[in-house]
Structure formats: structure tokens, C-alpha cells
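Reviewing the structure listed below.
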Amino acid sequence: MRLYHGSNVLVEEPRLLHVNKSSDFGRGFYLTSSREQAARWAELQSKRRKEGIPMVSIFEIDDAELLDLTVLEYKQADNDWLQMITKNRKNIIYEEKFDIIVGPVADDFTMDVLNLYFSGRYSEEEALKRLLPQKLKDQYVFKTEEAIKRLEFVGGEKA
């Protein structure tokens with residue numbers, strides 16, 4: 001499987017950063033199967049950091065490498081996914097027990113709905129109803145060193 005990582009630098013050796021990020025699935029190394037999505041992330045990172053150039057790093061992982069890892073997969077934006085996103089976006093700390101989490105990405109197009117849900121203006125049912133018709137891209141979050149070492153860097157290119 002080919003996965004892409006967007007950043008303001010080329011990332012040949014992924015690593016876990018020990019910062020408290022309020023990202024969708026918490027701390028980890030984020031990738032996507034969409035080159036287009038990775039390029040957007042790269043552009044955004046370059047603008048936010050005001051340095052570097054937008055780069056897409058390309059990785060591969062053999063599906064067989066996933067068999068002995070603990071993987072949590074959200075097939076769609078459902079109640080469990082929304083609760084995971086809410087906990088992480090609000091920095092609610094809980095014990096991690098997964099090597100990899102896979103699921104839809106809450107991007108700029110979904111944040112208005114999520115913010116209305118976080119503020120209590122939308123119920124869980126209403127938020128999911130508004131999110132489901134959107135074509136959400138995916139994200140793969142490698143949360144442990146054991147998972148990260150399975151990734152093989154195959155190249156990089158400007159976004």
C-alpha cells in the first residue's frame with residue numbers, strides 16, 4: 001500500500017513527536033492514501049510554519065506488515081469516530097492501545113460542522129447527518145515506534 005505524508009520538509013525517517021497535538025487521532029505520524037490530500041497538508045504546513053517548501057513524502061507498507069499490529073479502523077464518520085475526534089480535539093487524555101488508527105479525516109470542509117458539535121449547537125445525530133454526505137479523505141496515524149518502523153520511504157516530491 002502506498003501512503004503519503006505532507007509537510008514543509010521532506011521526511012525520509014518518520015518519528016513520533018512528543019507534543020500534545022489536538023489532531024483527529026492524537027499523537028502520531030499522519031499519512032493518507034491520497035496524494036492530493038498530502039499536498040494540501042504540505043501547503044498548509046508551509047504557510048503555518050512560514051518556512052520550508054511544501055513536500056510530499058512517499059511511503060509504502062506491505063499489508064502483511066499490518067497483521068501483527070493493533071489497528072483500529074473507522075470505515076466511515078460514525079458515532080465512535082466522532083467521539084474519538086472530540087476527545088482528541090479537546091485534548092482529553094486517555095490510554096492509547098493501538099499501533100495504527102485509520103479513518104476519515106476531519107479537514108477544513110468538516111471543521112464548521114465539528115465546531116458546532118463541539119460547542120453543543122449540533123447534536124451528535126445532526127453532526128453525523130451533515131458529515132456523511134461529504135466525501136471525506138482518509139488518514140492513517142502510526143502511533144507507535146513498532147508501526148513506524150514498518151514504513152518504507154520510497155521518495156518525495158514537491159507538492
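Ordered as shown in the C-alpha cells, chains take letters A, B, and onward, while each chain numbers its residues from 1 and ligands are numbered from 1 in the order shown.
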
Based on DSSP run over this structure's backbone, return all residues of range 22-71 of chain A in alpha helix (DSSP H), as a ChimeraX atom specification. /A:35-49

What are the closest atom pairs, with distances in Å to one decimal, for all residues of range 79-117 of chain A lying within 12 Å of range 1-19 of chain A? Consider only C-alpha atoms, order rows by chain and residue number, and present the result as a tab-separated table.
residue	atom	partner	partner_atom	distance
A:Asn91	CA	A:Val19	CA	11.4
A:Asp99	CA	A:Leu16	CA	11.8
A:Val102	CA	A:Leu3	CA	11.9

If you take only C-alpha atoms and a cut-off of 10 Å, which residues of range 70-93 of chain A touch range 22-44 of chain A, and what are their nearest atom pairs and distances in Å to one decimal, in chain and number order, as a tab-separated table?
residue	atom	partner	partner_atom	distance
A:Trp81	CA	A:Asp24	CA	9.2
A:Leu82	CA	A:Asp24	CA	9.3
A:Met84	CA	A:Phe25	CA	6.8
A:Ile85	CA	A:Asp24	CA	4.8
A:Thr86	CA	A:Asp24	CA	7.8
A:Lys87	CA	A:Asp24	CA	8.5
A:Asn88	CA	A:Ser22	CA	5.3
A:Arg89	CA	A:Ser22	CA	4.5
A:Lys90	CA	A:Ser22	CA	6.6
A:Asn91	CA	A:Ser22	CA	5.6
A:Ile92	CA	A:Ser22	CA	8.9
A:Ile93	CA	A:Gly26	CA	9.1

Out of A:Val141, A:Ala127, A:Val113, A:Ile100, which residue has the shortest atom-to-atom distance to Glu65 in chain A when counting only C-alpha atoms? A:Ile100

Find the spatial neighbours of Glu157 in chain A, counting only C-alpha atoms, within a cut-off of 7 Å - ignore same-chain residues fewer than 4 positions away - and output them as a PyMOL selection string. chain A and resi 55-57

Could those residues be written to a file, using N, CA and C atoms, as a PDB file, in the first residue's frame?
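Full text of selection.pdb as output:
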ATOM      1  N   MET A  55       6.283  19.724   0.649  1.00  0.00           N
ATOM      2  CA  MET A  55       6.825  18.456   0.153  1.00  0.00           C
ATOM      3  C   MET A  55       5.874  17.305   0.490  1.00  0.00           C
ATOM      4  N   VAL A  56       5.810  16.355  -0.428  1.00  0.00           N
ATOM      5  CA  VAL A  56       5.060  15.124  -0.195  1.00  0.00           C
ATOM      6  C   VAL A  56       6.072  13.983  -0.108  1.00  0.00           C
ATOM      7  N   SER A  57       6.117  13.333   1.046  1.00  0.00           N
ATOM      8  CA  SER A  57       6.982  12.170   1.260  1.00  0.00           C
ATOM      9  C   SER A  57       6.148  10.929   0.985  1.00  0.00           C
TER      10      SER A  57
END

List every residue of range 17-111 of chain A that DSSP, applied to the backbone of this structure, places in strand (DSSP E or B), and write the result as a ChimeraX atom specification. /A:29-32,55-60,71-73,100-104

For the residues in that selection, give me C-alpha atoms as a CSV table (one decimal), in the first residue's frame.
chain,number,residue,atom,x,y,z
A,29,PHE,CA,2.8,10.2,12.3
A,30,TYR,CA,0.0,11.1,9.9
A,31,LEU,CA,-0.3,9.8,6.4
A,32,THR,CA,-3.0,9.4,3.7
A,55,MET,CA,6.8,18.5,0.2
A,56,VAL,CA,5.1,15.1,-0.2
A,57,SER,CA,7.0,12.2,1.3
A,58,ILE,CA,6.0,8.8,-0.2
A,59,PHE,CA,6.0,5.6,1.8
A,60,GLU,CA,5.0,2.0,1.2
A,71,VAL,CA,-5.2,-1.4,14.0
A,72,LEU,CA,-8.4,0.5,14.7
A,73,GLU,CA,-10.3,1.3,11.5
A,100,ILE,CA,-2.3,2.5,13.9
A,101,ILE,CA,-5.7,4.3,13.6
A,102,VAL,CA,-7.3,4.6,10.2
A,103,GLY,CA,-10.4,6.7,9.3
A,104,PRO,CA,-11.9,9.7,7.7

10 Å contact set for Asp78 in chain A, only C-alpha atoms, chain neighbours under 2 positions out, as JSON, numbers by chain: {"A": [74, 75, 76, 80, 81, 82, 83, 104, 124, 125, 127, 128, 129, 131, 132]}

For the residues selected in the previous step, produce a file with C-alpha atoms as a CSV table (one decimal), in the first residue's frame.
chain,number,residue,atom,x,y,z
A,74,TYR,CA,-13.2,3.6,11.2
A,75,LYS,CA,-14.9,2.8,7.8
A,76,GLN,CA,-17.0,6.0,7.9
A,80,ASP,CA,-17.4,6.1,17.5
A,81,TRP,CA,-15.3,8.2,15.1
A,82,LEU,CA,-17.0,11.4,16.2
A,83,GLN,CA,-16.3,10.5,19.9
A,104,PRO,CA,-11.9,9.7,7.7
A,124,GLU,CA,-24.3,14.0,17.6
A,125,GLU,CA,-27.0,12.9,15.3
A,127,ALA,CA,-23.4,16.5,13.1
A,128,LEU,CA,-23.2,13.0,11.6
A,129,LYS,CA,-26.1,13.7,9.3
A,131,LEU,CA,-20.9,14.9,7.7
A,132,LEU,CA,-22.0,11.7,6.0

Quick one: pull the distance between CA of Leu66 in chain A and CA of Ala147 in chain A, Å, one decimal. 8.1 Å

Just the residues within 9 Å of Phe98 in chain A, please, counting only C-alpha atoms, with nothing from its chain fewer than 4 positions along; format it as a count of residues only. 7

Could you jot down the CA of Arg49 in chain A to CA of Lys158 in chain A separation for me, Å, one decimal place? 16.6 Å

Can you work out which one of A:Tyr122, A:Asp68, A:Thr110, A:Ile61 has the shortest atom-to-atom distance to Lys149 in chain A, counting only C-alpha atoms?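 Of A:Tyr122, A:Asp68, A:Thr110, A:Ile61, the one nearest Lys149 in chain A, counting only C-alpha atoms, is A:Ile61.
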
With distances taken over only C-alpha atoms, the candidate from A:Met111, A:Ala159, A:Val105, A:Tyr117 nearest Ala77 in chain A is A:Val105
